[in-house]
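Colleague: Input file: structure15.cif. Contents: mmCIF, C-alpha atoms.
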data_run
#
loop_
_atom_site.label_atom_id
_atom_site.label_comp_id
_atom_site.auth_asym_id
_atom_site.auth_seq_id
_atom_site.Cartn_x
_atom_site.Cartn_y
_atom_site.Cartn_z
CA MET A 1 0.00 0.00 0.00
CA THR A 2 1.47 3.33 -1.03
CA VAL A 3 1.05 6.50 1.01
CA LYS A 4 -0.09 9.82 -0.47
CA PHE A 5 0.10 13.32 0.95
CA ILE A 6 -2.47 16.04 0.41
CA GLY A 7 -1.54 19.61 1.23
CA TYR A 8 -3.72 22.69 1.28
CA ILE A 9 -4.14 25.89 -0.66
CA GLY A 10 -6.41 28.38 1.05
CA PHE A 11 -6.91 31.73 -0.58
CA ASN A 12 -4.42 33.69 1.51
CA ASP A 13 -1.69 32.86 3.99
CA THR A 14 -3.83 32.90 7.12
CA SER A 15 -5.31 30.55 9.71
CA GLU A 16 -6.92 30.52 13.15
CA ILE A 17 -3.84 32.03 14.78
CA HIS A 18 -4.08 35.27 12.80
CA ASN A 19 -6.33 37.82 14.43
CA ALA A 20 -7.55 39.43 11.21
CA ALA A 21 -8.10 38.49 7.60
CA ARG A 22 -5.29 39.26 5.19
CA SER A 23 -5.79 42.41 3.16
CA ARG A 24 -6.69 40.41 0.07
CA VAL A 25 -9.39 37.73 0.18
CA LEU A 26 -7.73 36.07 -2.82
CA ASP A 27 -3.96 36.55 -2.70
CA ARG A 28 -2.61 35.36 -6.04
CA GLU A 29 1.00 35.55 -4.89
CA TYR A 30 0.22 33.22 -2.01
CA VAL A 31 -1.74 30.79 -4.19
CA ASP A 32 1.16 30.66 -6.66
CA ALA A 33 3.75 30.13 -3.93
CA ALA A 34 1.65 27.51 -2.14
CA ALA A 35 1.18 25.49 -5.33
CA ILE A 36 4.82 25.69 -6.39
CA GLU A 37 6.27 24.95 -2.95
CA GLN A 38 3.98 22.00 -2.28
CA GLU A 39 4.80 20.52 -5.67
CA ARG A 40 8.49 20.99 -4.87
CA GLY A 41 7.97 19.47 -1.43
CA GLY A 42 6.56 16.24 -2.81
CA PHE A 43 2.87 16.58 -2.02
CA ASP A 44 0.68 14.42 -4.26
CA ARG A 45 -2.31 16.75 -4.15
CA VAL A 46 -3.54 19.92 -2.48
CA LEU A 47 -7.05 20.54 -1.19
CA ILE A 48 -8.80 23.63 -2.52
CA PRO A 49 -11.54 24.41 0.06
CA PHE A 50 -15.13 25.50 -0.48
CA GLY A 51 -17.12 28.07 1.45
CA SER A 52 -20.31 30.02 0.86
CA ALA A 53 -18.41 33.33 0.87
CA SER A 54 -15.00 32.23 -0.42
CA PRO A 55 -13.42 32.29 -3.88
CA GLU A 56 -14.52 29.50 -6.21
CA SER A 57 -12.50 26.31 -5.75
CA GLN A 58 -12.52 24.99 -9.33
CA ILE A 59 -11.24 28.27 -10.75
CA VAL A 60 -8.42 28.42 -8.20
CA ALA A 61 -7.54 24.81 -9.01
CA ALA A 62 -7.46 25.60 -12.73
CA HIS A 63 -5.08 28.49 -12.11
CA ALA A 64 -2.79 26.43 -9.86
CA ALA A 65 -2.78 23.55 -12.36
CA ALA A 66 -1.59 25.94 -15.07
CA ILE A 67 1.54 26.90 -13.10
CA THR A 68 2.50 23.38 -11.96
CA ARG A 69 3.37 20.15 -13.77
CA LYS A 70 2.86 17.23 -11.37
CA LEU A 71 0.84 18.48 -8.41
CA GLY A 72 -2.67 17.05 -8.11
CA PHE A 73 -5.74 18.91 -6.86
CA LEU A 74 -8.55 17.86 -4.54
CA VAL A 75 -11.39 20.24 -5.38
CA ALA A 76 -13.98 20.67 -2.63
CA HIS A 77 -17.43 20.71 -4.24
CA ARG A 78 -20.85 21.04 -2.64
CA PRO A 79 -23.88 19.37 -4.28
CA GLY A 80 -27.11 21.29 -4.55
CA PHE A 81 -25.96 24.47 -6.27
CA THR A 82 -24.87 23.19 -9.69
CA GLN A 83 -26.72 20.65 -11.79
CA PRO A 84 -24.74 17.40 -11.63
CA THR A 85 -24.67 17.05 -15.42
CA LEU A 86 -22.95 20.44 -15.70
CA ALA A 87 -20.66 19.76 -12.73
CA ALA A 88 -19.57 16.49 -14.36
CA ARG A 89 -18.49 18.35 -17.50
CA GLN A 90 -16.78 21.11 -15.53
CA LEU A 91 -14.75 18.61 -13.50
CA ALA A 92 -13.97 16.44 -16.52
CA THR A 93 -12.76 19.51 -18.41
CA LEU A 94 -10.52 20.47 -15.51
CA ASP A 95 -9.22 16.92 -15.34
CA GLN A 96 -8.39 16.91 -19.07
CA LEU A 97 -6.71 20.32 -19.04
CA SER A 98 -4.62 19.38 -16.00
CA GLY A 99 -3.52 16.05 -17.44
CA GLY A 100 -5.51 13.86 -15.04
CA ARG A 101 -4.49 15.66 -11.86
CA VAL A 102 -7.94 16.32 -10.38
CA ALA A 103 -9.98 14.63 -7.66
CA VAL A 104 -13.24 15.92 -6.19
CA HIS A 105 -14.17 16.07 -2.52
CA ILE A 106 -17.96 15.99 -2.23
CA ILE A 107 -18.94 18.19 0.73
CA THR A 108 -22.56 17.37 1.54
CA GLY A 109 -23.20 20.44 3.65
CA GLY A 110 -22.20 22.78 6.41
CA ALA A 111 -24.19 24.62 9.03
CA ASP A 112 -27.74 25.57 8.04
CA GLU A 113 -26.94 29.28 7.97
CA GLU A 114 -24.02 28.75 5.60
CA MET A 115 -26.09 26.58 3.26
CA ALA A 116 -28.80 29.25 3.24
CA ARG A 117 -26.33 31.84 1.94
CA ASP A 118 -26.19 29.94 -1.32
CA GLY A 119 -29.94 29.40 -1.45
CA ASP A 120 -30.18 25.96 0.15
CA VAL A 121 -32.90 26.71 2.68
CA ASN A 122 -34.87 24.35 4.92
CA THR A 123 -33.26 21.12 3.77
CA LEU A 124 -32.73 18.41 6.36
CA LYS A 125 -29.37 16.77 6.87
CA SER A 126 -30.76 13.38 5.87
CA GLU A 127 -32.10 14.90 2.65
CA ARG A 128 -28.72 16.38 1.83
CA TYR A 129 -27.07 12.97 2.01
CA LEU A 130 -29.78 11.50 -0.21
CA ARG A 131 -29.13 14.35 -2.63
CA SER A 132 -25.38 13.70 -2.55
CA ASP A 133 -26.02 10.04 -3.28
CA GLU A 134 -28.09 10.88 -6.37
CA TYR A 135 -25.64 13.63 -7.39
CA ILE A 136 -22.63 11.31 -7.40
CA GLU A 137 -24.60 8.66 -9.28
CA ILE A 138 -25.25 11.17 -12.08
CA LEU A 139 -21.63 12.38 -12.07
CA ARG A 140 -20.39 8.85 -12.59
CA ARG A 141 -22.92 8.14 -15.34
CA GLU A 142 -21.86 11.29 -17.18
CA TRP A 143 -18.22 10.27 -16.87
CA THR A 144 -18.77 6.74 -18.17
CA ALA A 145 -21.87 6.62 -20.39
CA THR A 146 -21.25 5.97 -24.08
CA GLN A 147 -24.81 6.89 -25.02
CA PRO A 148 -27.27 9.56 -23.81
CA PHE A 149 -29.28 8.54 -20.76
CA ASP A 150 -32.37 9.67 -18.89
CA HIS A 151 -32.52 10.16 -15.15
CA SER A 152 -35.57 10.67 -13.00
CA GLY A 153 -34.90 10.86 -9.29
CA ARG A 154 -36.01 12.59 -6.15
CA PHE A 155 -33.80 15.63 -6.64
CA TYR A 156 -32.76 15.65 -10.31
CA GLU A 157 -34.28 14.92 -13.67
CA ALA A 158 -32.46 14.86 -16.99
CA ARG A 159 -33.38 13.70 -20.46
CA GLY A 160 -30.77 12.62 -22.96
CA ALA A 161 -27.94 13.52 -20.61
CA PHE A 162 -24.47 12.97 -22.06
CA SER A 163 -20.96 14.35 -21.68
CA ALA A 164 -18.66 14.23 -24.70
CA ILE A 165 -15.69 14.91 -22.43
CA LYS A 166 -14.66 12.17 -20.02
CA PRO A 167 -12.10 12.34 -17.21
CA ASP A 168 -8.89 10.37 -17.45
CA ASN A 169 -8.72 9.89 -13.69
CA LEU A 170 -11.09 11.61 -11.25
CA PRO A 171 -11.35 10.00 -7.80
CA VAL A 172 -14.27 10.89 -5.54
CA PHE A 173 -13.48 11.70 -1.89
CA PHE A 174 -16.33 11.67 0.62
CA GLY A 175 -16.61 12.15 4.37
CA GLY A 176 -19.13 12.16 7.19
CA SER A 177 -19.71 10.14 10.34
CA SER A 178 -23.49 9.73 10.37
CA PRO A 179 -25.09 6.47 9.19
CA GLU A 180 -26.41 8.31 6.12
CA ALA A 181 -22.92 9.53 5.25
CA ILE A 182 -21.34 6.10 5.68
CA GLU A 183 -23.98 4.56 3.41
CA VAL A 184 -23.15 7.07 0.63
CA ALA A 185 -19.42 6.54 1.13
CA GLY A 186 -19.80 2.78 0.96
CA ARG A 187 -21.65 3.07 -2.32
CA HIS A 188 -19.64 5.77 -4.10
CA ALA A 189 -16.38 6.90 -2.49
CA ASP A 190 -12.96 6.13 -3.89
CA VAL A 191 -11.44 7.66 -0.75
CA TYR A 192 -13.21 8.10 2.59
CA ALA A 193 -12.04 11.18 4.49
CA LEU A 194 -11.71 11.29 8.29
CA TRP A 195 -10.63 13.96 10.72
CA GLY A 196 -7.76 13.24 13.09
CA GLU A 197 -9.11 11.14 15.94
CA THR A 198 -7.70 8.49 18.26
CA LEU A 199 -6.24 5.30 16.85
CA GLU A 200 -9.18 3.37 18.28
CA GLN A 201 -11.73 5.69 16.66
CA VAL A 202 -9.98 5.71 13.30
CA GLY A 203 -9.67 1.93 13.29
CA GLU A 204 -13.37 1.59 14.04
CA ALA A 205 -14.29 4.05 11.27
CA VAL A 206 -12.17 2.19 8.72
CA ARG A 207 -13.84 -1.10 9.60
CA THR A 208 -17.32 0.45 9.48
CA VAL A 209 -16.86 2.04 6.06
CA ARG A 210 -15.22 -1.09 4.64
CA HIS A 211 -18.25 -3.06 5.81
CA ALA A 212 -20.58 -0.56 4.11
CA ALA A 213 -18.55 -0.86 0.90
CA ALA A 214 -18.71 -4.64 1.04
CA GLN A 215 -22.50 -4.45 1.21
CA HIS A 216 -22.40 -2.77 -2.19
CA GLY A 217 -20.09 -5.37 -3.70
CA ARG A 218 -17.08 -3.10 -3.83
CA LYS A 219 -14.63 -5.86 -2.91
CA ARG A 220 -16.13 -8.20 -5.49
CA LEU A 221 -15.66 -5.49 -8.11
CA ASN A 222 -12.04 -4.96 -6.98
CA LYS A 223 -12.84 -1.40 -5.92
CA GLU A 224 -11.10 -1.10 -2.58
CA LEU A 225 -11.56 2.17 -0.72
CA GLY A 226 -8.72 4.45 0.22
CA PHE A 227 -8.80 6.31 3.53
CA SER A 228 -7.64 9.89 4.16
CA LEU A 229 -6.84 11.33 7.59
CA SER A 230 -6.77 15.11 8.14
CA LEU A 231 -4.20 16.45 10.60
CA ARG A 232 -2.48 19.69 11.66
CA PRO A 233 1.07 18.51 12.55
CA VAL A 234 3.14 20.66 14.90
CA ILE A 235 6.82 19.79 14.55
CA ALA A 236 10.04 21.13 16.08
CA ASP A 237 13.60 20.00 16.73
CA THR A 238 12.71 18.62 20.16
CA GLU A 239 9.53 17.21 21.68
CA GLU A 240 9.53 19.90 24.36
CA ALA A 241 9.77 22.66 21.76
CA ALA A 242 6.97 21.10 19.71
CA TRP A 243 4.56 20.99 22.67
CA LYS A 244 5.53 24.53 23.61
CA LYS A 245 4.71 25.57 20.05
CA ALA A 246 1.35 23.76 20.25
CA ASP A 247 0.52 25.46 23.54
CA ALA A 248 1.34 28.85 22.02
CA ILE A 249 -1.02 28.11 19.11
CA VAL A 250 -3.82 27.29 21.54
CA GLU A 251 -3.29 30.52 23.46
CA GLN A 252 -3.24 32.59 20.26
CA VAL A 253 -6.47 30.98 19.05
CA ARG A 254 -8.02 31.62 22.46
CA ALA A 255 -7.01 35.29 22.39
CA ASN A 256 -8.27 35.78 18.84
CA ARG A 257 -11.65 34.21 19.61
CA GLU A 258 -12.04 36.26 22.78
CA ALA A 259 -11.22 39.44 20.86
CA ALA A 260 -13.78 38.55 18.19
CA GLY A 261 -16.46 37.65 20.76
CA LEU A 262 -16.54 34.01 19.66
CA PRO A 263 -17.36 31.23 22.15
CA LEU A 264 -14.65 29.07 23.71
CA THR A 265 -16.98 26.54 25.32
CA GLY A 266 -20.54 25.28 25.02
CA HIS A 267 -20.18 24.41 21.35
CA ARG A 268 -23.04 22.55 19.66
CA PRO A 269 -21.77 21.56 16.22
CA PRO A 270 -24.46 20.43 13.75
CA ASN A 271 -22.77 17.31 12.41
CA ALA A 272 -21.92 13.93 13.91
CA GLY A 273 -18.23 14.13 13.04
CA SER A 274 -17.69 17.41 14.89
CA LEU A 275 -19.70 16.22 17.88
CA ARG A 276 -17.55 13.11 18.18
CA LEU A 277 -14.33 15.09 17.68
CA LEU A 278 -15.40 17.60 20.32
CA GLU A 279 -15.99 14.77 22.77
CA THR A 280 -12.50 13.48 22.02
CA ALA A 281 -11.11 16.97 22.53
CA SER A 282 -12.53 17.18 26.03
CA ALA A 283 -9.71 14.91 27.18
CA GLY A 284 -6.90 17.12 25.80
CA ARG A 285 -3.97 15.02 24.60
CA ARG A 286 -4.83 11.50 23.41
CA ASP A 287 -2.76 8.46 22.44
CA SER A 288 0.91 9.46 22.38
CA ARG A 289 0.77 12.59 20.22
CA LEU A 290 -2.82 13.45 19.26
CA TRP A 291 -3.41 17.09 20.15
CA THR A 292 -6.93 18.49 20.42
CA GLY A 293 -6.42 21.94 21.95
CA VAL A 294 -7.65 23.95 18.96
CA ALA A 295 -10.55 21.57 18.34
CA ALA A 296 -11.80 22.15 21.89
CA LEU A 297 -11.75 25.95 21.48
CA THR A 298 -13.33 26.08 18.04
CA GLY A 299 -16.02 23.44 18.43
CA ALA A 300 -14.11 20.94 16.28
CA ALA A 301 -14.93 22.94 13.20
CA GLY A 302 -13.19 21.14 10.36
CA ASN A 303 -9.61 19.92 10.39
CA SER A 304 -8.51 21.03 13.87
CA THR A 305 -6.55 18.22 15.54
CA GLY A 306 -2.86 17.51 15.15
CA LEU A 307 0.14 15.39 16.00
CA VAL A 308 2.89 17.01 18.04
CA GLY A 309 6.57 16.13 18.32
CA THR A 310 9.78 15.97 16.36
CA PRO A 311 9.45 15.00 12.69
CA GLU A 312 10.63 11.51 13.63
CA GLN A 313 8.03 11.18 16.39
CA VAL A 314 5.18 12.52 14.26
CA ALA A 315 6.19 10.22 11.40
CA GLU A 316 6.05 7.24 13.77
CA SER A 317 2.55 8.26 14.88
CA MET A 318 1.43 8.60 11.27
CA LEU A 319 2.74 5.11 10.64
CA GLU A 320 0.39 3.80 13.35
CA TYR A 321 -2.53 5.23 11.39
CA TYR A 322 -1.10 3.77 8.18
CA ASP A 323 -1.18 0.34 9.80
CA LEU A 324 -4.92 0.82 10.39
CA GLY A 325 -5.53 1.41 6.67
CA ILE A 326 -4.91 5.14 6.22
CA ASP A 327 -3.19 5.63 2.87
CA HIS A 328 -3.74 9.39 2.43
CA PHE A 329 -2.71 12.11 4.90
CA LEU A 330 -4.22 15.56 4.44
CA ILE A 331 -1.94 17.89 6.39
CA ARG A 332 -1.82 21.64 6.83
CA GLY A 333 -0.31 24.00 9.33
CA PHE A 334 -1.18 27.15 11.20
CA GLU A 335 1.37 29.13 9.18
CA PRO A 336 0.10 27.63 5.93
CA LEU A 337 2.96 28.32 3.52
CA ALA A 338 5.87 28.09 5.96
CA ASP A 339 4.54 24.90 7.54
CA ALA A 340 3.93 23.29 4.14
CA ILE A 341 7.57 23.94 3.24
CA ASP A 342 8.68 22.40 6.54
CA TYR A 343 6.48 19.34 6.01
CA GLY A 344 7.92 18.78 2.55
CA ARG A 345 11.46 19.03 3.84
CA GLU A 346 11.18 17.35 7.24
CA LEU A 347 8.12 15.11 7.43
CA LEU A 348 7.08 13.65 4.08
CA PRO A 349 10.41 11.96 3.28
CA LEU A 350 10.49 10.35 6.74
CA VAL A 351 6.99 8.91 6.47
CA ARG A 352 7.59 7.61 2.95
CA ALA A 353 10.83 5.94 4.02
CA LYS A 354 9.18 4.33 7.05
CA VAL A 355 6.24 3.10 4.96
CA ALA A 356 8.64 1.59 2.41
CA GLN A 357 10.57 -0.17 5.19
CA ARG A 358 7.35 -1.43 6.77
CA ASP A 359 6.05 -2.79 3.47
CA GLU A 360 9.40 -4.45 2.65
CA ARG A 361 9.28 -6.27 5.99
CA LYS A 362 5.73 -7.44 5.29
CA VAL A 363 6.77 -8.81 1.89
CA ALA A 364 9.80 -10.54 3.42
CA LEU A 365 7.67 -12.16 6.11
CA ALA A 366 5.06 -13.24 3.57
CA GLY A 367 7.73 -14.79 1.35
#
Here is the file; what I need is its structure written in the form of structure tokens.
Modeller:
Amino acid sequence: MTVKFIGYIGFNDTSEIHNAARSRVLDREYVDAAAIEQERGGFDRVLIPFGSASPESQIVAAHAAAITRKLGFLVAHRPGFTQPTLAARQLATLDQLSGGRVAVHIITGGADEEMARDGDVNTLKSERYLRSDEYIEILRREWTATQPFDHSGRFYEARGAFSAIKPDNLPVFFGGSSPEAIEVAGRHADVYALWGETLEQVGEAVRTVRHAAAQHGRKRLNKELGFSLSLRPVIADTEEAAWKKADAIVEQVRANREAAGLPLTGHRPPNAGSLRLLETASAGRRDSRLWTGVAALTGAAGNSTGLVGTPEQVAESMLEYYDLGIDHFLIRGFEPLADAIDYGRELLPLVRAKVAQRDERKVALAG
């Protein structure tokens, strides 16, 4: 099993530790540097995020693809706002123009108020997952059909649908911890995405989603799922320095949220994944290196847990997740560009070397 690394390109060089937005919502110089440096650092892909008020992810990915040669792109995409037949052609076009370097991360939904900003009002969470299920089904039919087809479903109807342009290689990433989400992932996902949780929780999630996939005959069809784990590594030359750095990040996030009048406790996130992550965060440090300080302050909003230690120590912890079935690591830092450069120099080569050694030993023992 090979290991792949996914970096991150936001729209400017900022994160939770910065107490104000950068002067430019879309900083082209940062986007260019982030793409070039993460390609140079050996990342396989970079995530381009999606938000109801943010720049458009596919356009940013198209720009970054034009200034790189090998770097892949994981385009966050939310169903419900673009017809799936059109989205299929948009993504296939981007895949063709980039030379097969595109994957799509289907984001079923965020908080109700964010969904409403784009016109998705009064939909239930369960309905959104049903919609995602139908949406991905149509995407895949557009990407594979050799003849026009009709579709009549609960959310979409199309007559004579057909895409003349097909992707060369366009994996579908999907996440979510609710039963509805796991059902959709088992049916459709090429890669199931998890947030950074304990080894026990991640192992359980891998087993659960594999079981869901088996119910849809994925193993029989030789369509094994990949698994992606999202982390915010904090690395330094010594373990003490790394934990000191992590503590400083927590205090900066705390100060920024207090200054902005944002809550530090009493969070009630709307999705199952955040609720579970917030419960994990209530215990502070978990396993040997799992760090949940920022998750606790922010209500486990998105990718907010990390691994803390020297590059060697963090690499060893990542290897423990690899042994559970994680073959993709989506990593980003709190100083996005500087941390990405450090990861490419200090962390990625170590993990790849350890994975290669681990796999060589497995082959030797099997032989």
Colleague: Which one of A:Ala295, A:Pro233, A:Pro263, A:Tyr321 sits closest to Gly309 (chain A) if you count all atoms listed in the file?
Modeller: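 For Gly309 (chain A), the nearest of the given residues is A:Pro233.
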Colleague: So the first atom is CA of Glu142 (chain A) and the second is CA of Asp120 (chain A); what is the distance between them in Å, to one decimal place?
Modeller: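 Computed distance, CA of Glu142 (chain A) to CA of Asp120 (chain A), equals 24.2 Å.
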Colleague: Quick one: everything within 12 Å of Asp359 (chain A), counting all atoms listed in the file, minus sequence neighbours fewer than 3 positions away in the same chain. Send it as a list in words.
Modeller: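 That gives Met1, Thr2, Val3, Leu319, Tyr322, Asp323, Arg352, Ala353, Lys354, Val355, Ala356, Lys362, Val363, Ala364, Leu365 and Ala366 of chain A.
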Colleague: Measuring between all atoms listed in the file, which one of A:Asp44, A:Asp247, A:Asp112, A:Asp327 shows the shortest distance to Val191 (chain A)?
Modeller: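 Using all atoms listed in the file, Val191 (chain A) sits closest to A:Asp327.
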Colleague: I need the residue set behind the PyMOL selection byres ((chain A and resi 18) around 12) for this file; please write it as JSON, numbers by chain.
Modeller: {"A": [12, 13, 14, 15, 16, 17, 19, 20, 21, 22, 249, 250, 251, 252, 253, 254, 255, 256, 257, 259, 260, 334, 335, 336]}
Colleague: Within 12 Å of (10.5, 16.1, 8.4), in the coordinates the file gives, what residues turn up when you count only C-alpha atoms, written out as a PyMOL selection string?
Modeller: chain A and resi 41-42+233-237+309-316+339-354
Colleague: Rank A:Asp150, A:Asp95, A:Glu134, A:Glu56 by their smallest atom-to-atom distance to Pro171 (chain A), using only C-alpha atoms, and report the top residue only.
Modeller: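 Among the listed residues, the smallest separation from Pro171 (chain A) belongs to A:Asp95.
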Colleague: Choose the residue, out of A:Gly80, A:Ala193, A:Gly175, A:Gln96, that has the smallest atom-to-atom separation from Ala116 (chain A); count all atoms listed in the file.
Modeller: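 The closest residue to Ala116 (chain A) is A:Gly80.
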Colleague: Distance table requested - region 46-159 of chain A against region 163-170 of chain A, cut-off 12 Å, only C-alpha atoms: one row per qualifying residue with the closest atom pair and its distance in Å to one decimal, ordered by chain and rising residue number, as a tab-separated table.
Modeller:
residue	atom	partner	partner_atom	distance
A:Gly72	CA	A:Leu170	CA	10.5
A:Phe73	CA	A:Leu170	CA	10.1
A:Leu74	CA	A:Leu170	CA	9.5
A:Val75	CA	A:Leu170	CA	10.4
A:Pro84	CA	A:Ser163	CA	11.2
A:Thr85	CA	A:Ser163	CA	7.8
A:Leu86	CA	A:Ser163	CA	8.8
A:Ala87	CA	A:Ser163	CA	10.5
A:Ala88	CA	A:Ser163	CA	7.8
A:Arg89	CA	A:Ser163	CA	6.3
A:Gln90	CA	A:Ile165	CA	9.3
A:Leu91	CA	A:Pro167	CA	7.8
A:Ala92	CA	A:Pro167	CA	4.6
A:Thr93	CA	A:Ile165	CA	6.8
A:Leu94	CA	A:Pro167	CA	8.5
A:Asp95	CA	A:Pro167	CA	5.7
A:Gln96	CA	A:Pro167	CA	6.2
A:Leu97	CA	A:Pro167	CA	9.8
A:Ser98	CA	A:Asp168	CA	10.1
A:Gly99	CA	A:Asp168	CA	7.8
A:Gly100	CA	A:Asn169	CA	5.3
A:Arg101	CA	A:Asn169	CA	7.4
A:Val102	CA	A:Leu170	CA	5.7
A:Ala103	CA	A:Leu170	CA	4.8
A:Val104	CA	A:Leu170	CA	7.0
A:His105	CA	A:Leu170	CA	10.3
A:Ile138	CA	A:Ser163	CA	11.0
A:Leu139	CA	A:Ser163	CA	9.8
A:Arg140	CA	A:Leu170	CA	9.8
A:Arg141	CA	A:Ser163	CA	9.1
A:Glu142	CA	A:Ser163	CA	5.5
A:Trp143	CA	A:Lys166	CA	5.1
A:Thr144	CA	A:Lys166	CA	7.1
A:Ala145	CA	A:Ser163	CA	7.9
A:Thr146	CA	A:Ala164	CA	8.7
A:Gln147	CA	A:Ser163	CA	9.0
A:Pro148	CA	A:Ser163	CA	8.2
A:Phe149	CA	A:Ser163	CA	10.2
Colleague: What's the 8 Å shell around Ala61 (chain A), counting only C-alpha atoms, without same-chain residues fewer than 2 positions away, as a PDB file with C-alpha atoms, in the coordinates of the input?
Modeller:
ATOM      1  CA  ILE A  48      -8.800  23.630  -2.520  1.00  0.00           C
ATOM      2  CA  SER A  57     -12.500  26.310  -5.750  1.00  0.00           C
ATOM      3  CA  GLN A  58     -12.520  24.990  -9.330  1.00  0.00           C
ATOM      4  CA  ILE A  59     -11.240  28.270 -10.750  1.00  0.00           C
ATOM      5  CA  HIS A  63      -5.080  28.490 -12.110  1.00  0.00           C
ATOM      6  CA  ALA A  64      -2.790  26.430  -9.860  1.00  0.00           C
ATOM      7  CA  ALA A  65      -2.780  23.550 -12.360  1.00  0.00           C
ATOM      8  CA  PHE A  73      -5.740  18.910  -6.860  1.00  0.00           C
ATOM      9  CA  VAL A  75     -11.390  20.240  -5.380  1.00  0.00           C
TER      10      VAL A  75
END
Colleague: Have a look at A:Ile9, A:Leu307, A:Ile106, A:Ala213 and name the one nearest to Gly226 (chain A); count all atoms listed in the file.
Modeller: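 Using all atoms listed in the file, the shortest distance to Gly226 (chain A) belongs to A:Ala213.
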Colleague: Determine the residue membership of the PyMOL selection byres ((chain A and resi 155) around 10) for the file above and supply it as a VMD selection string.
Modeller: chain A and resid 80 127 to 128 130 to 132 134 to 135 152 to 154 156 to 157
Colleague: Place a sphere of radius 6 Å on (-8.2, 6.9, 8.2) in the file coordinates and name every protein, DNA or RNA residue with an atom inside or on its surface, counting all atoms listed in the file; give the answer as a list of chain:residue names.
Modeller: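 Within the cut-off we find A:Leu194, A:Val202, A:Phe227, A:Ser228, A:Leu229, A:Ile326.
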Colleague: For this structure, which residues satisfy the selection - the PyMOL selection byres ((chain A and resi 180) around 12) - when it is evaluated on the file as given? I want them as a list of chain:residue names.
Modeller: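 When the PyMOL selection byres ((chain A and resi 180) around 12) is applied to the shown file, the picked residues are A:Thr108, A:Leu124, A:Lys125, A:Ser126, A:Glu127, A:Arg128, A:Tyr129, A:Leu130, A:Arg131, A:Ser132, A:Asp133, A:Phe174, A:Gly175, A:Gly176, A:Ser177, A:Ser178, A:Pro179, A:Ala181, A:Ile182, A:Glu183, A:Val184, A:Ala185, A:Gly186, A:Arg187, A:Val209, A:Ala212, A:Asn271, A:Ala272.
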Colleague: Give me a file of those residues, with C-alpha atoms, as a short mmCIF file (atom, residue, chain, number, x, y, z; two decimals), in the coordinates of the input.
Modeller:
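Writing the result to again00.cif gives the following:
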data_model
loop_
_atom_site.label_atom_id
_atom_site.label_comp_id
_atom_site.auth_asym_id
_atom_site.auth_seq_id
_atom_site.Cartn_x
_atom_site.Cartn_y
_atom_site.Cartn_z
CA THR A 108 -22.56 17.37 1.54
CA LEU A 124 -32.73 18.41 6.36
CA LYS A 125 -29.37 16.77 6.87
CA SER A 126 -30.76 13.38 5.87
CA GLU A 127 -32.10 14.90 2.65
CA ARG A 128 -28.72 16.38 1.83
CA TYR A 129 -27.07 12.97 2.01
CA LEU A 130 -29.78 11.50 -0.21
CA ARG A 131 -29.13 14.35 -2.63
CA SER A 132 -25.38 13.70 -2.55
CA ASP A 133 -26.02 10.04 -3.28
CA PHE A 174 -16.33 11.67 0.62
CA GLY A 175 -16.61 12.15 4.37
CA GLY A 176 -19.13 12.16 7.19
CA SER A 177 -19.71 10.14 10.34
CA SER A 178 -23.49 9.73 10.37
CA PRO A 179 -25.09 6.47 9.19
CA ALA A 181 -22.92 9.53 5.25
CA ILE A 182 -21.34 6.10 5.68
CA GLU A 183 -23.98 4.56 3.41
CA VAL A 184 -23.15 7.07 0.63
CA ALA A 185 -19.42 6.54 1.13
CA GLY A 186 -19.80 2.78 0.96
CA ARG A 187 -21.65 3.07 -2.32
CA VAL A 209 -16.86 2.04 6.06
CA ALA A 212 -20.58 -0.56 4.11
CA ASN A 271 -22.77 17.31 12.41
CA ALA A 272 -21.92 13.93 13.91
#
